[in-house]
Each structure stands twice: as structure tokens, then as C-alpha cells.
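Shown below: final-v9.cif, with mmCIF, C-alpha atoms.
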data_coords
loop_
_atom_site.label_atom_id
_atom_site.label_comp_id
_atom_site.auth_asym_id
_atom_site.auth_seq_id
_atom_site.Cartn_x
_atom_site.Cartn_y
_atom_site.Cartn_z
CA MET A 1229 30.41 5.86 5.84
CA GLN A 1230 33.62 4.16 6.90
CA GLY A 1231 36.16 3.88 4.07
CA PHE A 1232 36.13 0.98 1.62
CA ALA A 1233 37.45 0.03 -1.80
CA TYR A 1234 34.96 -0.20 -4.69
CA GLU A 1235 35.26 -2.63 -7.57
CA ALA A 1236 32.82 -3.70 -10.29
CA PRO A 1237 33.89 -6.96 -11.96
CA SER A 1238 32.41 -7.38 -15.42
CA SER A 1239 32.26 -11.17 -15.70
CA LEU A 1240 31.44 -14.22 -13.62
CA ASP A 1241 35.06 -15.38 -13.76
CA ALA A 1242 36.34 -11.99 -12.64
CA LEU A 1243 33.81 -11.92 -9.80
CA ARG A 1244 34.74 -15.42 -8.65
CA ALA A 1245 38.48 -14.62 -8.81
CA ARG A 1246 38.01 -11.38 -6.87
CA LEU A 1247 35.95 -13.13 -4.21
CA ALA A 1248 38.60 -15.82 -3.81
CA ALA A 1249 41.38 -13.21 -3.53
CA ALA A 1250 39.37 -11.20 -0.99
CA GLN A 1251 38.70 -14.33 1.06
CA GLY A 1252 42.38 -15.26 0.96
CA ALA A 1253 43.36 -11.79 2.11
CA GLY A 1254 40.72 -11.78 4.83
CA GLU A 1255 39.03 -8.67 3.38
CA LEU A 1256 35.54 -8.08 4.72
CA THR A 1257 33.64 -8.08 1.43
CA GLN A 1258 30.13 -6.86 0.78
CA VAL A 1259 28.28 -7.49 -2.47
CA LEU A 1260 26.37 -4.49 -3.84
CA ALA A 1261 23.31 -4.75 -6.11
CA GLY A 1262 20.73 -1.95 -5.85
CA GLY A 1263 22.15 -0.67 -2.58
CA THR A 1264 18.84 0.63 -1.20
CA ASP A 1265 19.24 -1.37 2.01
CA LEU A 1266 23.03 -1.64 2.00
CA LEU A 1267 23.85 2.07 1.72
CA VAL A 1268 21.45 2.89 4.53
CA GLN A 1269 23.05 0.18 6.69
CA MET A 1270 26.55 1.47 5.91
CA LYS A 1271 25.56 5.08 6.59
CA GLN A 1272 24.17 3.97 9.95
CA GLY A 1273 27.35 2.04 10.76
CA GLN A 1274 25.62 -1.36 10.84
CA ARG A 1275 27.95 -2.64 8.13
CA ALA A 1276 31.55 -1.57 7.55
CA PRO A 1277 33.01 -3.63 4.71
CA GLY A 1278 36.57 -3.15 3.47
CA LEU A 1279 35.62 -4.00 -0.09
CA ILE A 1280 32.41 -3.36 -2.04
CA LEU A 1281 31.92 -5.66 -5.01
CA ASP A 1282 29.28 -4.19 -7.33
CA ILE A 1283 27.76 -7.14 -9.24
CA LYS A 1284 25.56 -5.11 -11.61
CA ARG A 1285 28.10 -5.37 -14.46
CA VAL A 1286 28.10 -9.17 -14.30
CA GLY A 1287 25.69 -10.11 -17.08
CA GLU A 1288 24.21 -13.15 -15.27
CA THR A 1289 22.94 -10.92 -12.45
CA GLN A 1290 21.08 -8.71 -14.94
CA ALA A 1291 19.35 -11.61 -16.73
CA LEU A 1292 15.58 -11.41 -17.16
CA THR A 1293 14.79 -14.36 -19.38
CA VAL A 1294 12.38 -17.18 -20.11
CA ASP A 1295 13.98 -20.33 -21.38
CA GLY A 1296 11.51 -23.06 -22.13
CA GLU A 1297 10.03 -24.04 -18.80
CA SER A 1298 11.60 -21.52 -16.46
CA LEU A 1299 11.80 -17.85 -15.61
CA THR A 1300 15.15 -16.43 -14.51
CA ILE A 1301 15.45 -13.10 -12.71
CA GLY A 1302 19.05 -11.97 -12.21
CA ALA A 1303 19.91 -11.04 -8.63
CA SER A 1304 20.63 -7.39 -9.46
CA VAL A 1305 17.67 -6.72 -11.80
CA PRO A 1306 15.89 -3.64 -10.45
CA ALA A 1307 12.35 -4.07 -9.12
CA ALA A 1308 10.84 -1.63 -11.65
CA LYS A 1309 12.22 -3.73 -14.51
CA ALA A 1310 11.25 -7.10 -12.99
CA LYS A 1311 7.62 -6.14 -12.32
CA ALA A 1312 7.20 -4.80 -15.85
CA PHE A 1313 8.58 -7.94 -17.52
CA PRO A 1314 5.61 -9.35 -19.48
CA LEU A 1315 5.84 -12.91 -18.14
CA VAL A 1316 6.09 -11.66 -14.54
CA ALA A 1317 3.10 -9.37 -14.98
CA GLU A 1318 1.00 -12.04 -16.76
CA ALA A 1319 1.91 -15.35 -15.11
CA PHE A 1320 3.09 -14.13 -11.69
CA PRO A 1321 0.68 -11.29 -10.82
CA GLY A 1322 1.09 -12.01 -7.09
CA LEU A 1323 4.85 -11.65 -7.32
CA ALA A 1324 4.47 -8.53 -9.47
CA HIS A 1325 2.25 -7.02 -6.77
CA ALA A 1326 4.76 -7.94 -4.05
CA ILE A 1327 7.53 -6.24 -6.03
CA ASP A 1328 5.31 -3.19 -6.48
CA LEU A 1329 5.00 -2.89 -2.68
CA ILE A 1330 8.75 -2.40 -2.15
CA GLY A 1331 9.42 1.19 -1.04
CA SER A 1332 8.71 4.04 -3.43
CA SER A 1333 8.97 4.43 -7.20
CA GLN A 1334 12.52 5.72 -6.61
CA ILE A 1335 13.49 2.69 -4.53
CA GLN A 1336 12.02 0.33 -7.14
CA GLY A 1337 14.21 1.94 -9.80
CA ARG A 1338 17.22 0.56 -7.99
CA ALA A 1339 16.27 -2.13 -5.44
CA SER A 1340 16.71 -5.73 -6.63
CA LEU A 1341 14.83 -8.94 -5.81
CA GLY A 1342 18.18 -10.54 -5.00
CA GLY A 1343 18.89 -7.81 -2.49
CA ASN A 1344 15.41 -8.02 -0.97
CA LEU A 1345 16.04 -11.75 -0.47
CA CYS A 1346 19.64 -11.47 0.83
CA ASN A 1347 18.61 -8.68 3.24
CA ALA A 1348 16.26 -11.32 4.66
CA SER A 1349 13.92 -9.01 6.52
CA PRO A 1350 11.14 -11.10 8.09
CA ALA A 1351 8.76 -8.58 6.47
CA GLY A 1352 10.39 -8.44 3.01
CA ASP A 1353 7.44 -8.44 0.61
CA THR A 1354 8.88 -10.45 -2.25
CA ILE A 1355 10.07 -13.36 -0.10
CA PRO A 1356 6.69 -15.07 0.57
CA ALA A 1357 5.78 -14.52 -3.11
CA LEU A 1358 9.07 -16.10 -4.24
CA ILE A 1359 8.59 -19.06 -1.88
CA ALA A 1360 4.96 -19.63 -2.93
CA ASN A 1361 6.04 -19.64 -6.56
CA GLY A 1362 8.75 -22.22 -5.97
CA PHE A 1363 11.71 -19.99 -6.81
CA GLU A 1364 15.17 -21.36 -6.19
CA ALA A 1365 18.28 -19.33 -5.50
CA GLN A 1366 21.22 -19.88 -7.84
CA ILE A 1367 24.41 -19.32 -5.92
CA LEU A 1368 27.92 -18.76 -7.22
CA THR A 1369 30.40 -20.78 -5.16
CA ALA A 1370 34.19 -21.03 -5.31
CA GLY A 1371 33.96 -24.22 -7.35
CA GLY A 1372 30.80 -23.72 -9.40
CA LEU A 1373 27.13 -23.18 -8.71
CA ARG A 1374 24.66 -24.52 -6.17
CA THR A 1375 20.94 -24.05 -5.79
CA LEU A 1376 18.68 -23.75 -2.78
CA PRO A 1377 14.91 -23.29 -2.55
CA VAL A 1378 14.18 -19.73 -1.39
CA GLU A 1379 12.58 -21.07 1.81
CA ALA A 1380 15.95 -22.63 2.70
CA PHE A 1381 17.88 -19.52 1.67
CA VAL A 1382 16.46 -17.28 4.40
CA THR A 1383 17.65 -18.53 7.79
CA GLY A 1384 16.78 -15.80 10.29
CA VAL A 1385 16.31 -12.08 10.83
CA GLY A 1386 18.73 -10.51 8.34
CA LYS A 1387 20.38 -13.89 7.83
CA ASN A 1388 20.78 -16.03 4.72
CA ALA A 1389 22.42 -19.29 3.74
CA LEU A 1390 25.29 -17.76 1.75
CA ALA A 1391 28.68 -18.95 2.97
CA SER A 1392 31.67 -16.61 2.91
CA GLY A 1393 32.77 -16.12 -0.69
CA GLU A 1394 29.37 -17.04 -2.15
CA VAL A 1395 27.10 -14.70 -4.13
CA LEU A 1396 23.42 -14.97 -5.10
CA LEU A 1397 23.39 -14.81 -8.91
CA ALA A 1398 19.77 -15.31 -9.92
CA LEU A 1399 16.32 -16.53 -8.96
CA LYS A 1400 14.68 -19.20 -11.06
CA ALA A 1401 11.16 -20.67 -11.07
CA PRO A 1402 9.11 -22.95 -13.27
CA VAL A 1403 6.76 -21.10 -15.63
CA PRO A 1404 3.25 -22.00 -14.42
CA GLY A 1405 1.12 -24.20 -16.61
CA PRO A 1406 -2.61 -23.82 -17.25
CA ARG A 1407 -5.17 -23.52 -14.40
CA SER A 1408 -2.63 -21.97 -12.08
CA GLY A 1409 -2.61 -18.67 -10.20
CA ASP A 1410 -0.64 -16.81 -7.55
CA ALA A 1411 -1.41 -13.96 -5.17
CA TYR A 1412 0.29 -11.90 -2.49
CA GLN A 1413 -1.33 -9.61 0.04
CA ARG A 1414 -0.05 -7.89 3.12
CA PHE A 1415 -1.51 -5.92 5.97
CA THR A 1416 -0.15 -2.42 6.65
CA PRO A 1417 -1.76 0.52 8.47
CA ARG A 1418 -0.89 2.76 5.50
CA THR A 1419 -1.57 1.98 1.85
CA GLU A 1420 1.91 2.91 0.63
CA MET A 1421 5.51 3.22 1.86
CA ASP A 1422 5.01 0.86 4.79
CA ILE A 1423 6.37 -2.40 6.16
CA ALA A 1424 4.27 -5.57 6.25
CA VAL A 1425 2.69 -6.43 9.60
CA VAL A 1426 1.80 -9.77 7.98
CA GLY A 1427 2.35 -10.88 4.37
CA VAL A 1428 0.94 -13.99 2.68
CA GLY A 1429 1.79 -15.48 -0.72
CA ALA A 1430 0.05 -18.37 -2.47
CA ARG A 1431 0.38 -20.37 -5.66
CA LEU A 1432 -2.40 -22.80 -6.56
CA THR A 1433 -2.79 -25.19 -9.48
CA LEU A 1434 -6.02 -26.98 -10.37
CA ASP A 1435 -6.50 -30.30 -12.13
CA ASP A 1436 -8.80 -30.77 -15.17
CA ALA A 1437 -11.81 -31.12 -12.89
CA GLY A 1438 -11.15 -27.88 -11.03
CA VAL A 1439 -9.84 -29.56 -7.88
CA ILE A 1440 -6.77 -28.04 -6.24
CA ALA A 1441 -3.86 -30.29 -7.21
CA SER A 1442 -1.09 -28.31 -5.57
CA ALA A 1443 -1.00 -25.40 -3.15
CA ARG A 1444 1.95 -23.51 -1.72
CA ILE A 1445 1.26 -20.95 1.01
CA ALA A 1446 4.11 -18.81 2.35
CA LEU A 1447 3.94 -16.51 5.36
CA GLY A 1448 5.94 -13.35 6.05
CA ALA A 1449 6.44 -11.23 9.18
CA VAL A 1450 5.09 -13.91 11.52
CA ALA A 1451 8.43 -15.65 12.25
CA PRO A 1452 12.15 -14.80 12.15
CA GLN A 1453 12.09 -15.57 8.44
CA ALA A 1454 9.42 -16.04 5.76
CA PHE A 1455 8.52 -19.72 5.42
CA LEU A 1456 6.45 -22.27 3.55
CA ALA A 1457 3.38 -23.22 5.59
CA GLU A 1458 3.14 -26.77 4.30
CA ALA A 1459 0.13 -27.78 6.39
CA ALA A 1460 -1.83 -24.77 5.10
CA GLY A 1461 -1.17 -25.84 1.51
CA ALA A 1462 -1.98 -29.47 2.31
CA ALA A 1463 -5.35 -28.43 3.75
CA LEU A 1464 -6.35 -27.15 0.31
CA VAL A 1465 -5.17 -30.02 -1.89
CA GLY A 1466 -8.09 -32.18 -3.02
CA THR A 1467 -10.64 -29.45 -2.33
CA ARG A 1468 -12.19 -26.82 -4.56
CA GLY A 1469 -11.37 -24.08 -2.11
CA GLU A 1470 -14.74 -24.31 -0.38
CA PRO A 1471 -15.22 -22.11 2.72
CA GLU A 1472 -14.38 -25.05 5.05
CA ALA A 1473 -11.14 -25.68 3.14
CA LEU A 1474 -10.19 -22.01 3.43
CA GLU A 1475 -10.91 -22.13 7.17
CA ALA A 1476 -8.74 -25.24 7.53
CA ALA A 1477 -5.88 -23.60 5.62
CA ALA A 1478 -6.17 -20.45 7.73
CA ALA A 1479 -6.17 -22.49 10.95
CA ALA A 1480 -3.07 -24.40 9.81
CA ALA A 1481 -1.28 -21.15 8.93
CA MET A 1482 -2.21 -19.57 12.27
CA ALA A 1483 -0.86 -22.65 14.06
CA ALA A 1484 2.41 -22.45 12.12
CA ALA A 1485 2.86 -18.69 12.70
CA LYS A 1486 5.20 -17.70 15.52
CA PRO A 1487 4.84 -13.92 15.53
CA ILE A 1488 6.37 -11.46 17.97
CA SER A 1489 4.73 -8.38 19.46
CA ASP A 1490 6.26 -5.07 18.42
CA LYS A 1491 5.22 -1.52 17.53
CA ARG A 1492 3.57 -2.74 14.32
CA GLY A 1493 1.28 -5.25 15.99
CA SER A 1494 0.88 -7.71 18.83
CA ALA A 1495 1.55 -11.40 18.33
CA ASP A 1496 -2.14 -12.18 18.77
CA PHE A 1497 -3.17 -9.52 16.24
CA ARG A 1498 -0.59 -10.81 13.73
CA ARG A 1499 -1.81 -14.39 14.12
CA ARG A 1500 -5.43 -13.37 13.49
CA ILE A 1501 -4.51 -11.22 10.50
CA CYS A 1502 -2.49 -14.12 9.14
CA GLY A 1503 -5.61 -16.29 9.07
CA VAL A 1504 -7.67 -13.56 7.39
CA LEU A 1505 -5.01 -12.94 4.75
CA VAL A 1506 -4.60 -16.65 3.99
CA LYS A 1507 -8.31 -16.86 3.12
CA ARG A 1508 -8.19 -13.72 0.97
CA VAL A 1509 -5.00 -14.71 -0.82
CA VAL A 1510 -6.19 -18.25 -1.54
CA ALA A 1511 -9.49 -16.89 -2.89
CA GLN A 1512 -7.61 -14.45 -5.15
CA ALA A 1513 -5.17 -17.11 -6.40
CA LEU A 1514 -8.10 -19.47 -7.01
CA GLU A 1515 -9.85 -16.84 -9.11
CA ARG A 1516 -6.68 -16.35 -11.13
CA CYS A 1517 -6.55 -20.10 -11.80
CA THR A 1518 -9.71 -19.77 -13.85
CA THR A 1519 -9.58 -16.20 -15.16
CA GLY A 1520 -6.06 -16.24 -16.46
CA GLY A 1521 -2.78 -15.48 -14.82
CA ALA A 1522 -1.15 -18.42 -16.52
CA LYS A 1523 -1.38 -18.99 -20.25
CA MET B 707 42.28 5.39 -3.16
CA LYS B 708 40.23 7.73 -5.34
CA VAL B 709 37.96 6.34 -8.04
CA HIS B 710 38.09 7.94 -11.48
CA VAL B 711 34.59 8.24 -12.96
CA GLN B 712 33.53 9.31 -16.43
CA THR B 713 29.82 9.67 -16.84
CA GLU B 714 27.12 11.87 -18.35
CA VAL B 715 25.04 14.34 -16.38
CA ASN B 716 22.14 16.16 -18.02
CA GLY B 717 23.52 15.31 -21.45
CA GLU B 718 27.03 16.54 -20.78
CA ALA B 719 30.12 14.38 -20.36
CA VAL B 720 31.62 14.84 -16.90
CA GLU B 721 34.68 13.40 -15.25
CA PHE B 722 35.62 13.44 -11.59
CA LEU B 723 37.72 11.80 -8.92
CA CYS B 724 35.93 10.70 -5.79
CA ASP B 725 36.35 8.62 -2.69
CA PRO B 726 34.59 5.22 -2.97
CA THR B 727 32.29 6.25 -0.12
CA THR B 728 31.03 9.37 -1.94
CA THR B 729 27.39 9.24 -3.03
CA LEU B 730 26.11 10.43 -6.38
CA LEU B 731 24.16 13.12 -4.53
CA GLU B 732 27.37 14.50 -2.96
CA VAL B 733 29.12 14.62 -6.34
CA LEU B 734 26.15 16.34 -7.99
CA ARG B 735 25.99 19.02 -5.32
CA ASP B 736 29.59 19.45 -4.20
CA ASN B 737 31.70 18.59 -7.27
CA LEU B 738 29.36 19.55 -10.08
CA GLY B 739 27.48 22.40 -8.38
CA LEU B 740 24.08 20.93 -9.28
CA ARG B 741 22.21 21.81 -6.09
CA GLY B 742 18.68 21.07 -7.27
CA SER B 743 18.88 17.55 -5.83
CA LYS B 744 18.68 17.84 -2.05
CA GLU B 745 19.56 15.61 0.86
CA GLY B 746 16.40 15.33 2.93
CA CYS B 747 16.73 12.05 4.83
CA GLY B 748 19.75 10.32 3.31
CA THR B 749 17.96 6.98 3.59
CA GLY B 750 15.81 6.86 0.45
CA ASP B 751 12.57 7.78 2.19
CA CYS B 752 11.91 11.38 1.10
CA GLY B 753 12.75 11.54 -2.61
CA ALA B 754 14.29 15.04 -2.50
CA CYS B 755 17.42 13.62 -4.15
CA SER B 756 15.54 11.90 -7.03
CA VAL B 757 17.43 11.50 -10.29
CA GLU B 758 17.11 9.31 -13.35
CA LEU B 759 20.02 6.90 -13.81
CA ASP B 760 20.03 5.34 -17.27
CA GLY B 761 16.33 6.21 -17.38
CA ALA B 762 15.46 4.53 -14.06
CA LEU B 763 14.03 6.67 -11.27
CA ALA B 764 16.31 6.43 -8.22
CA CYS B 765 17.45 8.13 -5.01
CA SER B 766 20.92 9.60 -5.58
CA CYS B 767 21.65 9.43 -1.82
CA LEU B 768 21.65 5.63 -2.13
CA ILE B 769 23.94 5.41 -5.17
CA LEU B 770 27.71 5.44 -4.89
CA ALA B 771 29.22 7.91 -7.33
CA ALA B 772 31.55 5.11 -8.46
CA GLU B 773 28.54 3.11 -9.67
CA THR B 774 27.77 5.75 -12.31
CA GLN B 775 30.85 5.01 -14.47
CA GLY B 776 29.65 5.02 -18.09
CA ARG B 777 26.02 5.70 -17.12
CA SER B 778 23.74 8.66 -17.75
CA VAL B 779 22.28 10.84 -14.97
CA ALA B 780 19.45 13.37 -15.25
CA THR B 781 18.59 15.89 -12.54
CA ALA B 782 16.18 18.78 -12.19
CA GLY B 783 17.08 22.18 -10.82
CA LEU B 784 15.25 24.97 -9.06
CA GLN B 785 16.47 27.93 -7.10
CA CYS B 786 14.36 27.08 -4.09
CA GLY B 787 12.02 24.32 -3.03
CA VAL B 788 13.37 21.42 -1.05
CA CYS B 789 11.11 18.79 -2.57
CA THR B 790 10.42 20.26 -6.02
CA PRO B 791 13.43 19.05 -8.03
CA GLY B 792 12.85 15.50 -6.79
CA ILE B 793 9.16 15.72 -7.57
CA VAL B 794 9.83 17.11 -11.06
CA VAL B 795 12.11 14.15 -11.86
CA ALA B 796 9.58 11.63 -10.51
CA ALA B 797 6.61 13.29 -12.24
CA LYS B 798 8.48 13.40 -15.57
CA HIS B 799 9.24 9.70 -15.19
CA LEU B 800 5.57 8.92 -14.47
CA LEU B 801 4.21 10.98 -17.39
CA GLU B 802 6.62 9.30 -19.79
CA GLN B 803 5.22 5.92 -18.72
CA ASP B 804 1.61 7.00 -18.44
CA PRO B 805 0.51 10.18 -20.25
CA ASN B 806 -2.99 10.01 -18.76
CA PRO B 807 -2.73 9.02 -15.08
CA THR B 808 -5.63 9.19 -12.67
CA GLU B 809 -5.30 11.39 -9.62
CA GLU B 810 -4.96 8.23 -7.53
CA ALA B 811 -2.16 6.93 -9.77
CA VAL B 812 -0.27 10.22 -9.38
CA ARG B 813 -0.69 10.10 -5.60
CA TYR B 814 0.61 6.51 -5.41
CA PHE B 815 3.50 7.18 -7.76
CA LEU B 816 4.63 10.23 -5.80
CA ALA B 817 4.23 8.53 -2.41
CA GLY B 818 8.02 8.37 -2.17
CA ASN B 819 8.42 12.15 -2.41
CA LEU B 820 7.83 14.00 0.84
CA CYS B 821 6.94 17.69 0.83
CA ARG B 822 7.69 19.24 4.23
CA CYS B 823 5.12 21.98 3.60
CA THR B 824 2.49 19.30 2.88
CA GLY B 825 1.67 21.08 -0.39
CA TYR B 826 0.58 17.86 -2.02
CA ASP B 827 -2.73 19.00 -3.45
CA LYS B 828 -1.21 21.67 -5.70
CA ILE B 829 1.59 19.31 -6.71
CA ILE B 830 -0.86 16.60 -7.74
CA ARG B 831 -2.97 19.12 -9.66
CA ALA B 832 0.15 20.46 -11.38
CA VAL B 833 1.12 16.97 -12.53
CA LEU B 834 -2.41 16.35 -13.86
CA ASP B 835 -2.32 19.75 -15.60
CA ALA B 836 1.06 18.96 -17.12
CA ALA B 837 -0.25 15.60 -18.32
CA ALA B 838 -3.26 17.27 -19.99
CA GLU B 839 -1.00 19.87 -21.60
CA MET B 840 1.36 17.18 -22.88
CA ARG B 841 -1.61 15.35 -24.41
CA GLY B 842 -2.53 18.55 -26.21
CA GLU B 843 -5.68 19.08 -24.15
CA ALA B 844 -6.50 22.45 -22.67
CA ALA B 845 -5.04 22.44 -19.19
#

For the file at hand, write its structure as C-alpha cells.
Amino acid sequence: MQGFAYEAPSSLDALRARLAAAQGAGELTQVLAGGTDLLVQMKQGQRAPGLILDIKRVGETQALTVDGESLTIGASVPAAKAKAFPLVAEAFPGLAHAIDLIGSSQIQGRASLGGNLCNASPAGDTIPALIANGFEAQILTAGGLRTLPVEAFVTGVGKNALASGEVLLALKAPVPGPRSGDAYQRFTPRTEMDIAVVGVGARLTLDDAGVIASARIALGAVAPQAFLAEAAGAALVGTRGEPEALEAAAAAAMAAAKPISDKRGSADFRRRICGVLVKRVVAQALERCTTGGAK
Amino acid sequence: MKVHVQTEVNGEAVEFLCDPTTTLLEVLRDNLGLRGSKEGCGTGDCGACSVELDGALACSCLILAAETQGRSVATAGLQCGVCTPGIVVAAKHLLEQDPNPTEEAVRYFLAGNLCRCTGYDKIIRAVLDAAAEMRGEAA
């Protein structure tokens, strides 16, 4: 690795001040959370920062809390801890599954959701699950805080919406009410330690009569960044998830997908798998609406 | 500039100076002489460098030594065996969470530890044996 300075501010104010100083001095700064992508990229020479700012000692980035109506997951909370958090496991089983698909047990001991999001791989498993669940990114800016929906945070392959001097602090989502369920599934040739060929996340909520009142479907690995397939969700609202509704949602998702062909799969294969996964994920989320998931 | 780090390794207080670019794995092996943890891939794929950091299972090749200030590191040691120390750390971590894992659960949990001799079957059986022994059942 090329040389760099290492600092670990222990408060939000110290982090903000250090970022401002680094920006003023023109230091190429890289934020470090779990480091499971970053250290590999630095070892391979893809990134060569002059300053590493480790944010794990800033309390806000380690938050894992429920306050009233919302769940907050600090940007540097390790995956193993996030997936084991009772509310995540109970009310966000789709997200918990997506987290469980990141790398190995060792990687999950260190890798953070914030890092998975900032790394912005088109195939990052948590990103469609975060989008489906309506998570927003809380961003530290020079003057205060700003928020962005996760679907607006990822802007391209390896690209995110953070401006110079900004840091992702936490991810926040509404705690689901009754008759709500989420799911995430991906296709990989292997069952473990693999990268999604296609990933699909869904969050559905039913009304009193069992009709789908809201549906968010997010697609991964079929475009430069994971995205909300609004037409796929819209095809489900007002239905009970009958086979025709699932077909309509799958068709809408396939139309919205813009996959590439690479060694993991051809564009045509990815588009077909996307349709299959949308049907499976919606069926699973629908089942969770009635059998639990949300309290 | 060197970073001054005070931390705990295998229950003992240790102190060292390192370059900011130095990984925990390099410090363990080169500064502290703990050569059980190996560098297999250097990219977090093989698990030969597995350690516990504050009780979390992690790859020491992907941790900067500077990050361990005030933390607690646990390693495993063995005279030979490229994969074994990493597997011992991971298996210990699993059995502490789940004293009675199924064979499938052991296989999934250890998917991040590569054995270059492909000796997985005996490793999985050893973990299941250890679990039975720890539960007080005849192994």
C-alpha cells in the first residue's frame, strides 16, 4: 500500500473539523469503516489516499437503535452485529438475509452496511434490500446534516452522491407496521461466497382487507446501480398478489432492467432471472405480511 | 510518521510502533512473532489470517494495525497447517454462538476458510466432534 496518515476522530465535531482541514489542505481523504473493500482496493493500487479517517470511534456511526418509529443503523456497524439485532431479524428478515450474504463470516465481522452502500457495487447485496425498505442515508456535511433516499445515494458503478468532505453517518428507515413483510433473494451459481448475478428486494404492506397497499421492488446487478423499479411495485398495488399481478410486476421489472453481459451472465439471462426472482421475492414478502415479520 | 499502538493480544498487553499502512496480520507475524495467522490471499477470501477482534471474527489482512488501539485480539497458533489456525478461530467463534450446529451450518459458517489440501470433510467432522465434546456428549 502507498503511504498514508491514519487518524481516528472520536466525535462528530472532531470528524467534521478534520474533514474541513483536510479539504482546505487538499489532502486526498478516504473514510474507513470496516475496510473489507477499501483495504483490498488500496492493496491493489486502485485507491491511494493521503489520509485515512477511521470513523468507527465516532459514536453516531456505531448506533444500532430503535427510536419510536424508526430504525437507525450506524454507517460503521459491522454486518454480523446488524443482522443479529432483534428488530432487524424480526421486522426486516429480507434485509437480514441480504446482510448474511455478504462475503464470509470473517468479512461480516468487520464489513459495514455503510461501506457496502458507499462502495456502490451494482451487485452489492444490501443495497436493493435497503432501497425496498425505504432506508435513507444520513450524511454529515460541512454545515450540518442532509438526507437522501438510498436509491438516490448510489449514482453509478462504484459511485455515490457524497460530495467532497461529506461522510455517510447512518442509515434510517421507518419500522414497519402490521401486515408488512420484506424479502431479498439473489441468483448466484454457488450457494456461498459469491457475487449476485441478479438481486431483488421487496417490501409489501397490506391493508385491512389483505389488498396490497404499498409495494417497493428494488433491483440489483441489472443496471449500473441498484434502483427502485417503481412500475413493478405499482403493478402490485390494489391486487392480492395473484399470479397475473406477479406476472405484471415481473414484466415491469424486466422492462426496467438494463443489464450488461459479462462472465457472470448474459444480459438476456439476467433479464429473465430478474423476472423469476421478482415473482419469488414478492411471494415470500407476501407470505411474511401474514405470518409475521412485522409486529 | 509511525503510529503508537497499545492493545491486547491473546490476553497480554502489547505495545508497538508501526507504519499506518501496516496490517494487523503483519504486526502479529513480524513484530510479535505470532506466526499461526497466515497470509493466504491478502484480500479476505481465504480466512487463513482469521482472528477475533473484540470478539468479532475478522480477517487480520484487512485490518490496519493502527485500528487495534485499545482493542483485544485473539489468534490461534499451530506449528504447521496453512489453514488450521484460521479455521480454529472461526470454529471457536461458531461453537460459542451455536453449541449444537448441524453439519450444513458448519459448512456454511466455514465457507470463508479455504483449505488448499481440500481436507474439508475431516475439518467439518472435527468441529462437530468438538461441539459434542463441549456439550458433554461422547464424541

So what does the PyMOL selection byres ((chain A) within 12 of (chain B)) actually pick up in this one, as a PyMOL selection string?
chain A and resi 1229-1237+1260-1272+1276-1285+1305-1309+1312+1328-1339+1418-1422

Output the residue selection produced by the PyMOL selection byres ((chain A and resi 1386-1394) around 6) on the file above, formatted as a PyMOL selection string.
chain A and resi 1247+1347-1349+1368-1369+1381-1385+1395

Report as a JSON list (two decimals) with C-alpha atoms, in the coordinates of the input the residues that result from applying the PyMOL selection byres ((chain B and resi 823) around 10) to the structure here.
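Result file is out_36.json:
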[["chain", "number", "residue", "atom", "x", "y", "z"],
["B", 787, "GLY", "CA", 12.02, 24.32, -3.03],
["B", 788, "VAL", "CA", 13.37, 21.42, -1.05],
["B", 789, "CYS", "CA", 11.11, 18.79, -2.57],
["B", 820, "LEU", "CA", 7.83, 14.00, 0.84],
["B", 821, "CYS", "CA", 6.94, 17.69, 0.83],
["B", 822, "ARG", "CA", 7.69, 19.24, 4.23],
["B", 824, "THR", "CA", 2.49, 19.30, 2.88],
["B", 825, "GLY", "CA", 1.67, 21.08, -0.39],
["B", 826, "TYR", "CA", 0.58, 17.86, -2.02]]

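You will find atom CA of Ala1303 of chain A at 27.4 Å from atom CA of Val733 of chain B.
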
B:Thr790, B:Thr808, B:Gln803, B:Ser778: which is nearest Asn716 of chain B, counting only C-alpha atoms?
B:Ser778

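From atom CA of Val794 of chain B back to atom CA of Leu731 of chain B, the distance works out to 16.2 Å.
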
How far is it from atom CA of Leu801 of chain B to atom CA of Phe1313 of chain A, in Å with one decimal?
19.4 Å

Applying 6 Å and all atoms listed in the file, which residues near segment 1320-1327 of chain A remain after dropping the ones on its own chain fewer than 4 positions away? List them as a list in words.
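Listing them by chain and then by number gives Lys1311, Val1316, Asp1353, Thr1354, Ala1357, Asp1410, Ala1411 and Tyr1412 of chain A.
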
At most 12 Å is the cut-off: for each residue in segment 1355-1471 of chain A with any atom that close to an atom of segment 1499-1503 of chain A, write down the nearest atom pair and the distance in Å rounded to one decimal, counting all atoms listed in the file, chain first then increasing number, as a tab-separated table.
residue	atom	partner	partner_atom	distance
A:Gln1413	CA	A:Cys1502	CA	10.2
A:Arg1414	CA	A:Cys1502	CA	9.0
A:Phe1415	CA	A:Ile1501	CA	7.6
A:Thr1416	CA	A:Ile1501	CA	10.5
A:Ala1424	CA	A:Ile1501	CA	11.3
A:Val1425	CA	A:Ile1501	CA	8.7
A:Val1426	CA	A:Cys1502	CA	6.2
A:Gly1427	CA	A:Cys1502	CA	7.5
A:Val1428	CA	A:Cys1502	CA	7.3
A:Gly1429	CA	A:Cys1502	CA	10.8
A:Ile1445	CA	A:Cys1502	CA	11.3
A:Ala1446	CA	A:Cys1502	CA	10.6
A:Leu1447	CA	A:Cys1502	CA	7.8
A:Gly1448	CA	A:Cys1502	CA	9.0
A:Ala1449	CA	A:Cys1502	CA	9.4
A:Val1450	CA	A:Arg1499	CA	7.4
A:Ala1451	CA	A:Arg1499	CA	10.5
A:Ala1457	CA	A:Cys1502	CA	11.4
A:Ala1460	CA	A:Gly1503	CA	10.1

Neighbourhood query: residues within 12 Å of (5.7, 19.3, -14.2), file coordinates, counting all atoms listed in the file; return as a count of residues only.
28

Could you give me, as a list in words, the residues within 8 Å of Leu1397 of chain A, counting all atoms listed in the file and dropping anything in the same chain fewer than 3 positions from it?
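Listed by chain and then number, they are Glu1288, Thr1289, Gly1302, Ala1303, Ser1304, Gly1342, Ala1365, Gln1366, Ile1367 and Leu1368 of chain A.
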
Using all atoms listed in the file for the distances, tell me which of A:Leu1345, A:Val1403, A:Ile1423, A:Ala1473 is nearest to Glu1297 of chain A.
A:Val1403

So that I can check the surroundings of Val1510 of chain A, please list as an MDAnalysis selection string every protein, DNA and RNA residue that reaches within 10 Å of it, counting all atoms listed in the file and ignoring chain neighbours fewer than 3 positions away.
chainID A and resid 1409:1412 1428:1432 1443:1445 1461 1464 1469 1474 1477:1478 1505:1507 1513:1516

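Checking B:Leu734, B:Arg841, B:Gly776, B:Thr781 one by one against Pro807 of chain B, counting all atoms listed in the file, you find the shortest gap at B:Arg841.
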